[in-house]
Amino acid sequence: MENATRFSQYNPIINFTFFIGAICCSMLFMHPAYLVASIFMSLAFNLSTKGLKSLKMIGFLLLVFAFVTVINPILNTAGNTVLFTYFNDRSFTLEALTYGFVFASIFVSVILWFSSYNAIMTSDKFVYIFGPVLPAISMIISMVMRFVPNYSTKAKQISTARQCIGLAGENGDKKDRLKNAESILSSLTSWAFEGGISTADSMRSRGYGTGKRTNYSIYRFDYHDLSLLITMILLLGIVAFCSISGATKVEYLPEISINWFDNIYTLVGFIAYVLFLSLPTILNIKEEITWRILRSRI
Amino acid sequence: MAHFEIKNLNFSYPTMPDKLALEDINLSIEKGEYVTVFGKSGSGKTTLLKHLKSVLTPHGTTSGEVYFDNKLLSSIDLRDQSSKIGYVMQNPDNQIVTDKVWHELAFGLESLGYDQKTIRLRVAEMASYFGIQGWFNKNVSELSGGQKQLLNLASIMAMQPEVLILDEPTSQLDPIAASDFLNTVRKINLELRTTIIITEHRLEDVLYASDKVVVMDKGKIIACDEPRKIGEYLKKENNEMFSAMPTPVQVYYGVEDKFDKNIECPLTVREGGDFLSTIFEGKDIKEKEIDIPEVRLDEGMNPAIMVKEVWYRYDKNSPDILCGTSFMVPHGKLFAIVGGNGTGKSTMLKSICNICKPYRGEILLDGKRLTKYKDSELFKNYLAMMPQDPQSLFVKKTVKEDLLEMLRGSDADKENKIREIADLCEITDLLDSHPFDLSGGEQQRVGLAKVLLTNPKIILLDEPTKGIDSFFKIKFAEILKKLNEKGVTIVMVSHDVEFCARYADICAMFFNGTVITTNTPNKFFSMNSFYTTAANRMSRHIFSNAINCEDVINLCQKNL
């Protein structure tokens with residue numbers, strides 16, 4: 001719960017709805033203006049969520065972006081506007097280059113959205129959302145999250161214990177080392193099995209499987225959540241309506257043809273889209289400013 | 001109206017149909033009573049407790065009845081049972097099901113199908129009652145053992161049970177966490193009138209709180225009485241379980257013939273101290289201290305282990321775990337390091353094993369630097385460490401196969417060596433069992449046997465007495481003494497003050513990453529006033545250096 005941003009404190013349903021909306025839109029819309037908006041907003045949101053940590057990723061993403069943009073026209077020669085030719089008349093076209101740029105934008109923005117998703121949607125939020133729908137699955141996820149760190153600690157313990165009685169196999173040949181790993185695994189399995197029996201006992205003794213189960217969570221759905229949810233749905237509705245009416249109609253091959261902002265749908269849809277994508281960033285920044293002001297008054 | 005009524009209960013496991021695991025059990029437990037069930041490991045305590053809740057009752061042949069609230073237990077709905085009868089098990093880790101503290105608290109209530117609002121209230125109530133608010137949002141894996149067990153208790157109390165059954169709940173905890181836990185159980189009993197049925201090795205922490213003590217031996221109840229009478233019974237029968245009684249009880253019966261019979265048997269240190277004051281009232285105390293032959297801590301040139309100002313931290317940016325630790329361990333002695341949790345004792349052992357490599361200072365083994373040893377020579381016929389959890393050492397299906405893993409050479413040779421070591425550790429009967437099926441005390445000895453097969457001259461033990469009962473401790477100490485006689489040097493790290501006071505040759509206090517003081521147990525414990533044995537605490541106002549109950553009894557005998 002450390003360093004919780006405003007957006008991450010909203011109900012997980014809000015978090016999840018936003019990410020589904022943002023990621024789907026980023027993958028569907030190939031309109032350059034929409035793409036640019038998606039890249040910038042995903043970047044801004046990533047920065048506001050993860051802080052300076054996200055800068056590390058950005059350098060890498062720039063490389064990916066450049067690579068994908070350039071590789072497409074090399075593999076794909078379709079398109080009417082030839083920029084230059086190379087190797088026995090292989091053409092390098094503007095259309096293919098633009099398409100590469102589109103594809104790279106989609107790729108990079110989706111990665112950025114997912115990176116923020118991972119930072120915000122912790123396992124318990126996921127369980128909260130899917131608990132009512134898939135009670136068994138959500139229970140299993142919660143148990144797995146409990147056991148994985150447990151097992152790795154135990155494996156380390158066994159390995160240390162063996163090292164201290166000269167059975168590490170570290171100095172031995174491959175066969176020795178393999179045998180050692182096998183022993184550790186076998187011990188870990190017995191241990192896990194043994195523990196599993198007690199865990200099952202503990203579950204049954206607390207009434208697991210005696211009837212209908214409910215799902216408890218510490219999250220609440222309050223007024224702020226509701227108003228944000230309505231806003232998001234409204235904005236997404238506008239974006240969808242405009243898009244159906246041709247706002248995001250684009251063609252790249254064989255010739256580029258794009259609906260620009262002289263089309264009213266494109267303009268309105270774009271504004272709604274930018275608003276939608278920037279909602280969480282605005283909330284985060286607003287919170288940050290409120291804190292600064294509160295602190296400066298002290 | 002009895003809360004639990006057990007009538008003529010007999011039970012045998014399918015693997016051993018001829019041997020009754022429970023024989024002719026008759027027991028009645030009233031509402032709100034605190035009942036301690038006590039006996040050696042393997043006496044059927046756990047089997048008995050498991051019969052008090054249908055889902056946990058083991059498979060086997062049963063006769064007789066168990067009544068709960070005057071109804072046959074088996075006729076009560078499982079859902080009702082799971083909320084009314086709470087059961088806390090031994091291992092704090094295995095009982096926890098989910099990954100978050102708050103989720104674990106709610107688990108039982110979710111299973112019973114309560115709605116959000118009720119669960120929220122109950123969870124909040126429990127977290128406040130047990131003082132869990134501070135770690136409510138944490139992951140379970142971040143908690144200490146004591147916190148985990150408290151969480152298990154709280155998550156069961158959230159279902160508001162009428163009976164709380166606890167099966168050796170503190171065997172995996174350190175003494176401080178253990179008495180915290182048992183105090184909480186006592187509080188629940190007193191404030192909520194919950195019936196408590198508990199099995200426990202640490203009698204000094206439960207006996208005084210009990211209304212009734214049930215003593216079990218080989219599947220039978222051999223005594224069932226109020227706590228002050230139990231000591232008398234065991235003493236009269238000359239039962240070896242008497243040695244598990246708290247120190248004041250042992251002292252009381254040790255000097256039984258010397259005072260007027262009207263004085264009640266003391267159960268706590270305070271009562272024990274009062275008892276000694278009473279019997280010595282108006283009497284002249286001629287001998288205030290016991291003679292112990294002066295032991296010179298051999299500070300020879302080549303101690304077995306010499307630790308010189310060792311500093312260690314796990315990570316460059318993490319705090320120091322060892323801060324300039326220095327001490328030396330002479331050859332052939334049992335060297336005990338005592339101290340609280342998280343003071344760096346285990347890390348100290350790991351750095352002697354070269355698992356944790358100090359960034360400053362040096363460790364010498366027999367005068368040679370640890371870093372100069374190759375791993376192959378260090379762990380072959382020279383140094384070995386037994387981990388805190390002996391289960392970490394077991395990798396095979398039988399004890400014998402596990403021991404064989406350690407040996408090279410001809411079959412006859414191997415057989416001989418195994419027979420020899422099994423003899424020493426008294427595990428000959430266990431050779432064909434699965435190591436995970438053994439009790440804590442048995443696992444400890446099998447682990448030791450495996451460690452001993454490396455033929456070490458120095459053995460490091462990490463909390464060797466954790467979770468084993470007092471009878472096995474005596475056995476274990478005998479084995480350690482035999483090894484000492486063979487010239488093996490033993491270093492043990494422990495919370496178990498009573499064990500160290502009785503059996504160690506040298507004790508060292510570890511605190512905040514360094515050894516604060518080193519001395520013989522007698523001097524060490526008689527100089528301490530808090531961190532010392534119960535015998536010392538109850539007798540220090542009369543005798544100056546009695547640290548075991550034998551010392552107190554001896555001095556009483558001499559002066560009365």
# chains A, B, ... in the order shown; residues from 1 in each chain; ligands from 1
>>> residues_around(residues="Leu460 of chain B", least_positions_apart="2", cutoff="9 Å", atoms="only C-alpha atoms", output="JSON list (two decimals) with all heavy atoms, in the first residue's frame")
[["chain", "number", "residue", "atom", "x", "y", "z"],
["B", 349, "LEU", "N", 25.81, -18.33, 13.27],
["B", 349, "LEU", "CA", 26.14, -19.71, 12.92],
["B", 349, "LEU", "C", 26.43, -19.83, 11.43],
["B", 349, "LEU", "O", 27.36, -20.52, 11.02],
["B", 349, "LEU", "CB", 24.98, -20.64, 13.28],
["B", 349, "LEU", "CG", 24.77, -20.96, 14.76],
["B", 349, "LEU", "CD1", 23.78, -22.10, 14.90],
["B", 349, "LEU", "CD2", 26.07, -21.34, 15.43],
["B", 352, "ILE", "N", 29.84, -18.80, 10.59],
["B", 352, "ILE", "CA", 30.88, -19.79, 10.93],
["B", 352, "ILE", "C", 30.92, -20.88, 9.85],
["B", 352, "ILE", "O", 31.96, -21.47, 9.59],
["B", 352, "ILE", "CB", 30.62, -20.41, 12.32],
["B", 352, "ILE", "CG1", 30.70, -19.33, 13.40],
["B", 352, "ILE", "CG2", 31.62, -21.51, 12.63],
["B", 352, "ILE", "CD1", 30.42, -19.81, 14.80],
["B", 353, "CYS", "N", 29.78, -21.12, 9.20],
["B", 353, "CYS", "CA", 29.72, -22.10, 8.12],
["B", 353, "CYS", "C", 30.13, -21.53, 6.78],
["B", 353, "CYS", "O", 30.02, -22.19, 5.76],
["B", 353, "CYS", "CB", 28.30, -22.61, 7.94],
["B", 353, "CYS", "SG", 27.92, -23.88, 9.07],
["B", 383, "LEU", "N", 33.31, -29.85, 9.97],
["B", 383, "LEU", "CA", 32.30, -28.92, 10.47],
["B", 383, "LEU", "C", 30.95, -29.31, 9.89],
["B", 383, "LEU", "O", 30.87, -29.72, 8.74],
["B", 383, "LEU", "CB", 32.67, -27.50, 10.02],
["B", 383, "LEU", "CG", 31.74, -26.37, 10.37],
["B", 383, "LEU", "CD1", 31.83, -26.04, 11.84],
["B", 383, "LEU", "CD2", 32.06, -25.14, 9.55],
["B", 384, "ALA", "N", 29.90, -29.22, 10.70],
["B", 384, "ALA", "CA", 28.57, -29.48, 10.18],
["B", 384, "ALA", "C", 27.56, -28.67, 10.97],
["B", 384, "ALA", "O", 27.76, -28.40, 12.15],
["B", 384, "ALA", "CB", 28.22, -30.96, 10.28],
["B", 385, "MET", "N", 26.49, -28.28, 10.30],
["B", 385, "MET", "CA", 25.47, -27.51, 11.00],
["B", 385, "MET", "C", 24.12, -28.19, 10.86],
["B", 385, "MET", "O", 23.77, -28.68, 9.80],
["B", 385, "MET", "CB", 25.37, -26.10, 10.44],
["B", 385, "MET", "CG", 24.26, -25.32, 11.10],
["B", 385, "MET", "SD", 24.40, -23.55, 10.90],
["B", 385, "MET", "CE", 23.28, -23.27, 9.58],
["B", 386, "MET", "N", 23.41, -28.22, 11.97],
["B", 386, "MET", "CA", 22.06, -28.74, 11.91],
["B", 386, "MET", "C", 21.11, -27.55, 11.84],
["B", 386, "MET", "O", 21.15, -26.67, 12.69],
["B", 386, "MET", "CB", 21.76, -29.56, 13.14],
["B", 386, "MET", "CG", 20.37, -30.05, 13.10],
["B", 386, "MET", "SD", 20.24, -31.70, 13.65],
["B", 386, "MET", "CE", 19.53, -31.40, 15.21],
["B", 387, "PRO", "N", 20.24, -27.50, 10.81],
["B", 387, "PRO", "CA", 19.35, -26.35, 10.66],
["B", 387, "PRO", "C", 18.25, -26.34, 11.71],
["B", 387, "PRO", "O", 18.02, -27.35, 12.38],
["B", 387, "PRO", "CB", 18.76, -26.55, 9.27],
["B", 387, "PRO", "CG", 18.83, -28.01, 9.04],
["B", 387, "PRO", "CD", 20.03, -28.50, 9.77],
["B", 458, "ILE", "N", 33.33, -30.26, 14.86],
["B", 458, "ILE", "CA", 32.57, -29.14, 15.38],
["B", 458, "ILE", "C", 31.14, -29.24, 14.85],
["B", 458, "ILE", "O", 30.93, -29.40, 13.64],
["B", 458, "ILE", "CB", 33.17, -27.79, 14.89],
["B", 458, "ILE", "CG1", 34.62, -27.67, 15.33],
["B", 458, "ILE", "CG2", 32.35, -26.62, 15.42],
["B", 458, "ILE", "CD1", 35.33, -26.48, 14.74],
["B", 462, "ASP", "N", 21.18, -25.11, 15.53],
["B", 462, "ASP", "CA", 20.33, -23.92, 15.55],
["B", 462, "ASP", "C", 19.00, -24.29, 16.21],
["B", 462, "ASP", "O", 18.21, -25.03, 15.65],
["B", 462, "ASP", "CB", 20.11, -23.44, 14.11],
["B", 462, "ASP", "CG", 19.57, -22.03, 14.05],
["B", 462, "ASP", "OD1", 19.24, -21.50, 15.12],
["B", 462, "ASP", "OD2", 19.47, -21.48, 12.95],
["B", 489, "THR", "N", 33.26, -30.58, 19.59],
["B", 489, "THR", "CA", 32.87, -29.26, 20.08],
["B", 489, "THR", "C", 31.47, -28.94, 19.57],
["B", 489, "THR", "O", 31.18, -29.13, 18.39],
["B", 489, "THR", "CB", 33.84, -28.19, 19.54],
["B", 489, "THR", "OG1", 35.17, -28.63, 19.81],
["B", 489, "THR", "CG2", 33.59, -26.86, 20.18],
["B", 490, "ILE", "N", 30.60, -28.48, 20.44],
["B", 490, "ILE", "CA", 29.23, -28.18, 20.02],
["B", 490, "ILE", "C", 28.90, -26.73, 20.33],
["B", 490, "ILE", "O", 29.13, -26.26, 21.44],
["B", 490, "ILE", "CB", 28.22, -29.09, 20.75],
["B", 490, "ILE", "CG1", 28.56, -30.56, 20.49],
["B", 490, "ILE", "CG2", 26.80, -28.78, 20.32],
["B", 490, "ILE", "CD1", 27.76, -31.52, 21.32],
["B", 491, "VAL", "N", 28.41, -26.03, 19.33],
["B", 491, "VAL", "CA", 27.93, -24.67, 19.55],
["B", 491, "VAL", "C", 26.44, -24.69, 19.30],
["B", 491, "VAL", "O", 25.99, -25.12, 18.24],
["B", 491, "VAL", "CB", 28.58, -23.67, 18.58],
["B", 491, "VAL", "CG1", 28.03, -22.27, 18.82],
["B", 491, "VAL", "CG2", 30.07, -23.68, 18.74],
["B", 492, "MET", "N", 25.65, -24.29, 20.27],
["B", 492, "MET", "CA", 24.22, -24.22, 20.00],
["B", 492, "MET", "C", 23.66, -22.84, 20.27],
["B", 492, "MET", "O", 24.12, -22.11, 21.14],
["B", 492, "MET", "CB", 23.45, -25.27, 20.80],
["B", 492, "MET", "CG", 23.42, -25.09, 22.29],
["B", 492, "MET", "SD", 22.41, -26.39, 23.04],
["B", 492, "MET", "CE", 20.90, -25.55, 23.31],
["B", 493, "VAL", "N", 22.66, -22.49, 19.45],
["B", 493, "VAL", "CA", 22.00, -21.22, 19.58],
["B", 493, "VAL", "C", 20.62, -21.56, 20.08],
["B", 493, "VAL", "O", 20.00, -22.48, 19.59],
["B", 493, "VAL", "CB", 21.95, -20.58, 18.19],
["B", 493, "VAL", "CG1", 20.76, -19.74, 18.02],
["B", 493, "VAL", "CG2", 23.20, -19.81, 17.91]]
>>> interface_residues(of="chain A", to="chain B", cutoff="6 Å", atoms="only C-alpha atoms", output="list of chain:residue names")
A:Ser142, A:Met143, A:Met145, A:Arg146, A:Ile158, A:Ala161, A:Cys164, A:Ile165, A:Gly166, A:Ser183, A:Ser186, A:Ser187, A:Gly195, A:Ser198, A:Thr199, A:Ser202, A:Ser205, A:Arg206, A:Gly207, A:Tyr208, A:Thr210, A:Lys212, A:Arg213, A:Thr214, A:Asn215, A:Tyr216
>>> select_by_dssp(residues="segment 269-507 of chain B", states="alpha helix (DSSP H)", output="VMD selection string")
chain B and resid 269 to 279 345 to 352 375 to 378 399 to 404 411 to 425 440 to 452 470 to 485 497 to 503
>>> closest_residue(among="A:Glu182, A:Met57, A:Cys25, A:Thr266", to="Val250 of chain A", atoms="only C-alpha atoms")
A:Thr266
>>> select_by_dssp(residues="segment 82-329 of chain B", states="strand (DSSP E)", output="ChimeraX atom specification")
/B:85-88,163-167,195-199,212-217,220-225,305-312,322-329
>>> residues_around(residues="Met121 of chain A", least_positions_apart="4", cutoff="9 Å", atoms="only C-alpha atoms", output="list in words")
Ser8, Pro12, Asn15, Phe16, Ser116, Tyr117, Lys125 and Phe126 of chain A
>>> write_last_selection(atoms="N, CA and C atoms", output="short mmCIF file (atom, residue, chain, number, x, y, z; two decimals), in the first residue's frame")
data_model
loop_
_atom_site.label_atom_id
_atom_site.label_comp_id
_atom_site.auth_asym_id
_atom_site.auth_seq_id
_atom_site.Cartn_x
_atom_site.Cartn_y
_atom_site.Cartn_z
N SER A 8 -5.08 4.67 -7.92
CA SER A 8 -4.99 3.30 -7.42
C SER A 8 -5.86 3.10 -6.19
N PRO A 12 -11.31 -1.24 -7.35
CA PRO A 12 -10.68 -2.01 -8.44
C PRO A 12 -11.53 -2.09 -9.70
N ASN A 15 -10.51 0.82 -11.68
CA ASN A 15 -9.18 0.60 -12.26
C ASN A 15 -9.27 -0.31 -13.47
N PHE A 16 -10.00 -1.40 -13.27
CA PHE A 16 -10.06 -2.40 -14.31
C PHE A 16 -10.79 -1.87 -15.54
N SER A 116 1.58 0.08 -16.35
CA SER A 116 0.82 0.74 -15.29
C SER A 116 -0.18 -0.23 -14.68
N TYR A 117 -0.77 -1.05 -15.52
CA TYR A 117 -1.73 -2.04 -15.04
C TYR A 117 -1.09 -2.92 -13.97
N LYS A 125 -6.77 -7.21 -5.95
CA LYS A 125 -7.78 -6.45 -6.69
C LYS A 125 -8.41 -7.33 -7.75
N PHE A 126 -7.56 -8.11 -8.38
CA PHE A 126 -8.04 -9.02 -9.42
C PHE A 126 -9.03 -10.02 -8.82
#
>>> residues_around(residues="Leu190 of chain B", least_positions_apart="2", cutoff="12 Å", atoms="only C-alpha atoms", output="list in words")
Gly32, Glu33, Tyr34, Asn183, Thr184, Val185, Arg186, Lys187, Ile188, Leu192, Arg193, Thr194, Thr195, Ile196, Ala209, Ser210 and Asp211 of chain B
>>> write_last_selection(atoms="N, CA and C atoms", output="mmCIF file, in the first residue's frame")
data_model
loop_
_atom_site.group_PDB
_atom_site.id
_atom_site.type_symbol
_atom_site.label_atom_id
_atom_site.label_comp_id
_atom_site.auth_asym_id
_atom_site.auth_seq_id
_atom_site.Cartn_x
_atom_site.Cartn_y
_atom_site.Cartn_z
ATOM 1 N N GLY B 32 -16.849 -22.992 29.696
ATOM 2 C CA GLY B 32 -15.970 -21.973 30.264
ATOM 3 C C GLY B 32 -14.759 -22.518 31.000
ATOM 4 N N GLU B 33 -14.571 -23.810 30.989
ATOM 5 C CA GLU B 33 -13.407 -24.376 31.672
ATOM 6 C C GLU B 33 -12.137 -24.227 30.828
ATOM 7 N N TYR B 34 -10.997 -24.196 31.520
ATOM 8 C CA TYR B 34 -9.693 -24.188 30.856
ATOM 9 C C TYR B 34 -9.053 -25.526 31.169
ATOM 10 N N ASN B 183 -1.017 -15.945 26.914
ATOM 11 C CA ASN B 183 -1.735 -14.919 27.666
ATOM 12 C C ASN B 183 -3.010 -14.509 26.940
ATOM 13 N N THR B 184 -2.911 -14.420 25.600
ATOM 14 C CA THR B 184 -4.099 -14.071 24.825
ATOM 15 C C THR B 184 -5.167 -15.150 24.985
ATOM 16 N N VAL B 185 -4.738 -16.409 24.952
ATOM 17 C CA VAL B 185 -5.690 -17.503 25.127
ATOM 18 C C VAL B 185 -6.371 -17.393 26.490
ATOM 19 N N ARG B 186 -5.575 -17.079 27.487
ATOM 20 C CA ARG B 186 -6.105 -16.923 28.845
ATOM 21 C C ARG B 186 -7.122 -15.782 28.894
ATOM 22 N N LYS B 187 -6.776 -14.691 28.202
ATOM 23 C CA LYS B 187 -7.652 -13.531 28.173
ATOM 24 C C LYS B 187 -8.998 -13.903 27.531
ATOM 25 N N ILE B 188 -8.919 -14.675 26.449
ATOM 26 C CA ILE B 188 -10.151 -15.104 25.771
ATOM 27 C C ILE B 188 -11.014 -15.912 26.731
ATOM 28 N N LEU B 192 -14.278 -13.876 27.537
ATOM 29 C CA LEU B 192 -15.370 -14.292 26.652
ATOM 30 C C LEU B 192 -16.027 -15.591 27.110
ATOM 31 N N ARG B 193 -15.479 -16.177 28.151
ATOM 32 C CA ARG B 193 -16.014 -17.425 28.699
ATOM 33 C C ARG B 193 -15.938 -18.570 27.684
ATOM 34 N N THR B 194 -14.977 -18.470 26.766
ATOM 35 C CA THR B 194 -14.801 -19.546 25.800
ATOM 36 C C THR B 194 -14.149 -20.731 26.503
ATOM 37 N N THR B 195 -14.671 -21.917 26.248
ATOM 38 C CA THR B 195 -14.052 -23.120 26.803
ATOM 39 C C THR B 195 -12.726 -23.365 26.092
ATOM 40 N N ILE B 196 -11.664 -23.645 26.858
ATOM 41 C CA ILE B 196 -10.347 -23.855 26.247
ATOM 42 C C ILE B 196 -9.897 -25.284 26.511
ATOM 43 N N ALA B 209 -3.210 -21.344 34.911
ATOM 44 C CA ALA B 209 -4.456 -20.839 34.355
ATOM 45 C C ALA B 209 -5.514 -21.934 34.255
ATOM 46 N N SER B 210 -5.097 -23.190 34.394
ATOM 47 C CA SER B 210 -6.022 -24.294 34.133
ATOM 48 C C SER B 210 -6.973 -24.540 35.294
ATOM 49 N N ASP B 211 -8.179 -25.022 34.915
ATOM 50 C CA ASP B 211 -9.103 -25.487 35.940
ATOM 51 C C ASP B 211 -8.924 -26.975 36.134
#
>>> atom_distance(atom1="atom CA of Leu20 of chain B", atom2="atom CA of Ser433 of chain B")
19.7 Å
>>> atom_distance(atom1="atom CA of Lys19 of chain B", atom2="atom CA of Asn238 of chain B")
25.2 Å
>>> residues_around(residues="Phe280 of chain B", least_positions_apart="6", cutoff="9 Å", atoms="only C-alpha atoms", output="PyMOL selection string")
chain B and resi 542+556+559-560
>>> closest_residue(among="B:Leu407, B:Glu442, B:Pro169, B:Phe4", to="Leu167 of chain A", atoms="only C-alpha atoms")
B:Leu407
>>> residues_around(residues="Phe276 of chain A", least_positions_apart="3", cutoff="8 Å", atoms="only C-alpha atoms", output="mmCIF file with N, CA and C atoms, in the first residue's frame")
data_model
loop_
_atom_site.group_PDB
_atom_site.id
_atom_site.type_symbol
_atom_site.label_atom_id
_atom_site.label_comp_id
_atom_site.auth_asym_id
_atom_site.auth_seq_id
_atom_site.Cartn_x
_atom_site.Cartn_y
_atom_site.Cartn_z
ATOM 1 N N MET A 232 -16.445 7.934 -17.065
ATOM 2 C CA MET A 232 -15.678 7.111 -17.998
ATOM 3 C C MET A 232 -16.582 6.484 -19.047
ATOM 4 N N LEU A 235 -17.742 9.141 -21.590
ATOM 5 C CA LEU A 235 -16.682 9.501 -22.537
ATOM 6 C C LEU A 235 -16.449 8.373 -23.540
ATOM 7 N N LEU A 236 -16.406 7.145 -23.032
ATOM 8 C CA LEU A 236 -16.206 6.007 -23.927
ATOM 9 C C LEU A 236 -17.353 5.898 -24.922
ATOM 10 N N ALA A 272 -13.028 13.670 -26.608
ATOM 11 C CA ALA A 272 -13.523 12.728 -25.611
ATOM 12 C C ALA A 272 -12.450 11.683 -25.286
ATOM 13 N N TYR A 273 -11.756 11.233 -26.332
ATOM 14 C CA TYR A 273 -10.734 10.207 -26.161
ATOM 15 C C TYR A 273 -9.598 10.710 -25.273
ATOM 16 N N LEU A 279 -7.881 11.018 -17.675
ATOM 17 C CA LEU A 279 -8.571 11.065 -16.375
ATOM 18 C C LEU A 279 -7.691 10.647 -15.185
#
>>> residues_around(residues="Ala4 of chain A", least_positions_apart="4", cutoff="12 Å", atoms="only C-alpha atoms", output="PyMOL selection string")
chain A and resi 8-10+48-51+119-122+284+287-288
>>> write_last_selection(atoms="N, CA and C atoms", output="PDB file, in the first residue's frame")
ATOM      1  N   SER A   8      -5.078   4.674  -7.917  1.00  0.00           N
ATOM      2  CA  SER A   8      -4.993   3.301  -7.420  1.00  0.00           C
ATOM      3  C   SER A   8      -5.863   3.100  -6.189  1.00  0.00           C
ATOM      4  N   GLN A   9      -6.286   4.200  -5.562  1.00  0.00           N
ATOM      5  CA  GLN A   9      -7.152   4.061  -4.395  1.00  0.00           C
ATOM      6  C   GLN A   9      -8.626   3.924  -4.752  1.00  0.00           C
ATOM      7  N   TYR A  10      -8.950   4.156  -6.010  1.00  0.00           N
ATOM      8  CA  TYR A  10     -10.335   3.946  -6.423  1.00  0.00           C
ATOM      9  C   TYR A  10     -10.649   2.460  -6.384  1.00  0.00           C
ATOM     10  N   SER A  48       3.249   9.238 -13.718  1.00  0.00           N
ATOM     11  CA  SER A  48       2.574   9.667 -12.488  1.00  0.00           C
ATOM     12  C   SER A  48       2.335   8.499 -11.538  1.00  0.00           C
ATOM     13  N   THR A  49       2.317   7.283 -12.094  1.00  0.00           N
ATOM     14  CA  THR A  49       2.105   6.117 -11.229  1.00  0.00           C
ATOM     15  C   THR A  49       3.406   5.607 -10.636  1.00  0.00           C
ATOM     16  N   LYS A  50       4.395   5.431 -11.512  1.00  0.00           N
ATOM     17  CA  LYS A  50       5.618   4.782 -11.058  1.00  0.00           C
ATOM     18  C   LYS A  50       6.756   5.765 -10.773  1.00  0.00           C
ATOM     19  N   GLY A  51       6.540   7.036 -11.095  1.00  0.00           N
ATOM     20  CA  GLY A  51       7.573   8.025 -10.838  1.00  0.00           C
ATOM     21  C   GLY A  51       8.788   7.801 -11.715  1.00  0.00           C
ATOM     22  N   ALA A 119       1.359  -2.263 -12.054  1.00  0.00           N
ATOM     23  CA  ALA A 119       1.661  -1.536 -10.824  1.00  0.00           C
ATOM     24  C   ALA A 119       0.402  -1.318  -9.988  1.00  0.00           C
ATOM     25  N   ILE A 120      -0.731  -1.217 -10.661  1.00  0.00           N
ATOM     26  CA  ILE A 120      -1.957  -0.864  -9.933  1.00  0.00           C
ATOM     27  C   ILE A 120      -2.832  -2.071  -9.594  1.00  0.00           C
ATOM     28  N   MET A 121      -3.001  -2.961 -10.571  1.00  0.00           N
ATOM     29  CA  MET A 121      -3.902  -4.091 -10.345  1.00  0.00           C
ATOM     30  C   MET A 121      -3.174  -5.222  -9.620  1.00  0.00           C
ATOM     31  N   THR A 122      -3.053  -5.120  -8.287  1.00  0.00           N
ATOM     32  CA  THR A 122      -2.413  -6.201  -7.520  1.00  0.00           C
ATOM     33  C   THR A 122      -3.343  -7.413  -7.508  1.00  0.00           C
ATOM     34  N   ASN A 284      -4.327  11.953 -10.372  1.00  0.00           N
ATOM     35  CA  ASN A 284      -3.066  11.808  -9.635  1.00  0.00           C
ATOM     36  C   ASN A 284      -2.407  13.162  -9.411  1.00  0.00           C
ATOM     37  N   GLU A 287      -4.251  15.376  -6.904  1.00  0.00           N
ATOM     38  CA  GLU A 287      -3.966  14.936  -5.524  1.00  0.00           C
ATOM     39  C   GLU A 287      -2.611  15.462  -5.058  1.00  0.00           C
ATOM     40  N   GLU A 288      -1.640  15.338  -5.971  1.00  0.00           N
ATOM     41  CA  GLU A 288      -0.273  15.786  -5.653  1.00  0.00           C
ATOM     42  C   GLU A 288      -0.274  17.280  -5.316  1.00  0.00           C
TER      43      GLU A 288
END
>>> closest_residue(among="B:Ala534, B:Thr57, B:Ile290, B:Val338", to="Ala546 of chain B", atoms="only C-alpha atoms")
B:Ile290
>>> atom_distance(atom1="atom CA of Asp225 of chain B", atom2="atom CA of Gly272 of chain B")
20.6 Å
>>> decode(residues="segment 233-238 of chain A", atoms="N, CA and C atoms", output="JSON list (two decimals), in the first residue's frame")
[["chain", "number", "residue", "atom", "x", "y", "z"],
["A", 233, "ILE", "N", -17.72, 5.96, -18.60],
["A", 233, "ILE", "CA", -18.63, 5.32, -19.54],
["A", 233, "ILE", "C", -19.18, 6.33, -20.55],
["A", 234, "LEU", "N", -19.50, 7.52, -20.05],
["A", 234, "LEU", "CA", -19.99, 8.58, -20.92],
["A", 234, "LEU", "C", -18.97, 8.92, -22.01],
["A", 235, "LEU", "N", -17.74, 9.14, -21.59],
["A", 235, "LEU", "CA", -16.68, 9.50, -22.54],
["A", 235, "LEU", "C", -16.45, 8.37, -23.54],
["A", 236, "LEU", "N", -16.41, 7.14, -23.03],
["A", 236, "LEU", "CA", -16.21, 6.01, -23.93],
["A", 236, "LEU", "C", -17.35, 5.90, -24.92],
["A", 237, "GLY", "N", -18.56, 6.20, -24.46],
["A", 237, "GLY", "CA", -19.73, 6.17, -25.33],
["A", 237, "GLY", "C", -19.59, 7.16, -26.47],
["A", 238, "ILE", "N", -19.15, 8.37, -26.12],
["A", 238, "ILE", "CA", -18.96, 9.39, -27.15],
["A", 238, "ILE", "C", -17.92, 8.93, -28.16]]
